[in-house]
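What follows is a short report on a single structure.
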Amino acid sequence: MRIRVPAELRHRICAHLERAYPLEGCGFLLGLDGREREVREVIEARNGSGEDRRRRFAIAPEEFLAAEARARSAGLEVLGFYHSHPDHPARPSAHDAARAWPWYSYVIVSVGGGRAAEMTSWRRAGEGGPLESEELRCEPPGAPASSRG
């Protein structure tokens, strides 16, 4: 399992999550799913968690439906979600693991003191399976296709 995020989109994700700090920020990953996943667009979402938004995020169903419609109109899919872990490692919490849906990628960014640091990705291969690390490739702008292996 591998997901590729262009450097420009990585920068947009990190900038969004730094602005959300000290709360968890969240959003959508739109792209293509083939031999590897390729993120082509990101959409910021509102953290609508009714719990502690420093440690939890929730995306409203209507935002998910809007993201799906936007993806379809662009010939893309919602590949997954991104969110931050303020002042914590970029590893899934027990809460993240319990709520993760199969198939979708979950990109987590550690944001310490308001600065984005480590970015990781996770995916549950099947219903009831474990949340597993997914290889995350961030590529510079204009990287030739041959370097994308």
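Labeling convention for the structure tokens: chains A, B, ... as they appear, residues from 1 per chain, ligands from 1 in order of appearance.
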
Q: Can you list, as number ranges by chain, all residues belonging to chain A that DSSP tags as alpha helix (DSSP H)?
A: A: 7-20, 61-73, 94-99

Using 12 Å as the limit and counting only C-alpha atoms, can you tabulate each residue of segment 81-127 of chain A that touches segment 55-62 of chain A, with its shortest atom-to-atom distance in Å and the two atoms involved, as JSON lines?
{"residue": "A:Phe81", "atom": "CA", "partner": "A:Ile59", "partner_atom": "CA", "distance": 9.7}
{"residue": "A:Tyr82", "atom": "CA", "partner": "A:Phe57", "partner_atom": "CA", "distance": 10.2}
{"residue": "A:His83", "atom": "CA", "partner": "A:Phe57", "partner_atom": "CA", "distance": 7.6}
{"residue": "A:Ser84", "atom": "CA", "partner": "A:Phe57", "partner_atom": "CA", "distance": 8.9}
{"residue": "A:His85", "atom": "CA", "partner": "A:Arg55", "partner_atom": "CA", "distance": 7.2}
{"residue": "A:Pro86", "atom": "CA", "partner": "A:Arg55", "partner_atom": "CA", "distance": 7.6}
{"residue": "A:Asp87", "atom": "CA", "partner": "A:Arg55", "partner_atom": "CA", "distance": 9.8}
{"residue": "A:His88", "atom": "CA", "partner": "A:Arg55", "partner_atom": "CA", "distance": 9.4}
{"residue": "A:Pro92", "atom": "CA", "partner": "A:Arg56", "partner_atom": "CA", "distance": 11.4}
{"residue": "A:Ser93", "atom": "CA", "partner": "A:Arg55", "partner_atom": "CA", "distance": 9.4}
{"residue": "A:Ala94", "atom": "CA", "partner": "A:Arg56", "partner_atom": "CA", "distance": 11.2}
{"residue": "A:His95", "atom": "CA", "partner": "A:Arg56", "partner_atom": "CA", "distance": 8.2}
{"residue": "A:Asp96", "atom": "CA", "partner": "A:Arg56", "partner_atom": "CA", "distance": 8.5}
{"residue": "A:Arg99", "atom": "CA", "partner": "A:Ala58", "partner_atom": "CA", "distance": 10.3}
{"residue": "A:Ala100", "atom": "CA", "partner": "A:Ala58", "partner_atom": "CA", "distance": 11.7}
{"residue": "A:Ile108", "atom": "CA", "partner": "A:Phe57", "partner_atom": "CA", "distance": 11.7}
{"residue": "A:Ser110", "atom": "CA", "partner": "A:Arg55", "partner_atom": "CA", "distance": 12.0}

Got time to write the residues from that selection, C-alpha atoms, as a PDB file, in the first residue's frame?
ATOM      1  CA  PHE A  81      -8.747  12.002   5.146  1.00  0.00           C
ATOM      2  CA  TYR A  82      -6.013  13.972   6.845  1.00  0.00           C
ATOM      3  CA  HIS A  83      -5.893  15.288  10.385  1.00  0.00           C
ATOM      4  CA  SER A  84      -3.443  16.611  12.917  1.00  0.00           C
ATOM      5  CA  HIS A  85      -2.218  15.393  16.270  1.00  0.00           C
ATOM      6  CA  PRO A  86      -1.426  18.573  18.224  1.00  0.00           C
ATOM      7  CA  ASP A  87       1.658  18.017  20.377  1.00  0.00           C
ATOM      8  CA  HIS A  88       1.489  14.234  19.818  1.00  0.00           C
ATOM      9  CA  PRO A  92      -3.111   6.607  15.150  1.00  0.00           C
ATOM     10  CA  SER A  93      -4.626   6.854  18.598  1.00  0.00           C
ATOM     11  CA  ALA A  94      -6.851   4.046  19.865  1.00  0.00           C
ATOM     12  CA  HIS A  95      -9.789   6.334  19.001  1.00  0.00           C
ATOM     13  CA  ASP A  96      -8.483   6.822  15.430  1.00  0.00           C
ATOM     14  CA  ARG A  99     -13.186   4.689  13.973  1.00  0.00           C
ATOM     15  CA  ALA A 100     -11.176   4.094  10.783  1.00  0.00           C
ATOM     16  CA  ILE A 108      -1.783  12.094  10.248  1.00  0.00           C
ATOM     17  CA  SER A 110       2.166  15.775  14.153  1.00  0.00           C
TER      18      SER A 110
END

Q | Backbone DSSP call of strand (DSSP E) for chain A, listed as a PyMOL selection string | A | chain A and resi 2-6+26-33+37-45+77-86+105-112+115-124+131-139

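Checking A:Leu23, A:Ala66, A:Cys138, A:Leu76 one by one against Arg54 of chain A, counting only C-alpha atoms, you find the shortest gap at A:Leu23.
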
Q: Do a neighbour search on Gly75 of chain A at 10 Å with only C-alpha atoms, toss out local chain neighbours closer than 2 positions, and write the hits as a ChimeraX atom specification.
A: /A:30-32,69-73,77

Q: Give me, please, the distance in Å between atom CA of Arg124 of chain A and atom CA of Cys26 of chain A, quoted to one decimal.
A: 18.7 Å

Q. For Ala67 of chain A, which residue among A:Leu29, A:Ala116, A:Ala90, A:Val39 is the nearest when counting only C-alpha atoms?
A. A:Leu29

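Across the structure, atom CA of Tyr21 of chain A and atom CA of Glu63 of chain A are spaced 20.9 Å apart.
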
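Coordinates place atom CA of Ala20 of chain A at a distance of 16.5 Å from atom CA of Pro89 of chain A.
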
Q.
Under the rule that only C-alpha atoms are counted, which of A:Ala117, A:Leu131, A:Met1, A:Leu65 is the nearest residue to Pro102 of chain A?
A. A:Leu131

Q | Selected residue of minimal separation from Tyr104 of chain A among A:His16, A:Arg37, A:Val42, A:Met119, counting only C-alpha atoms | A | A:Arg37
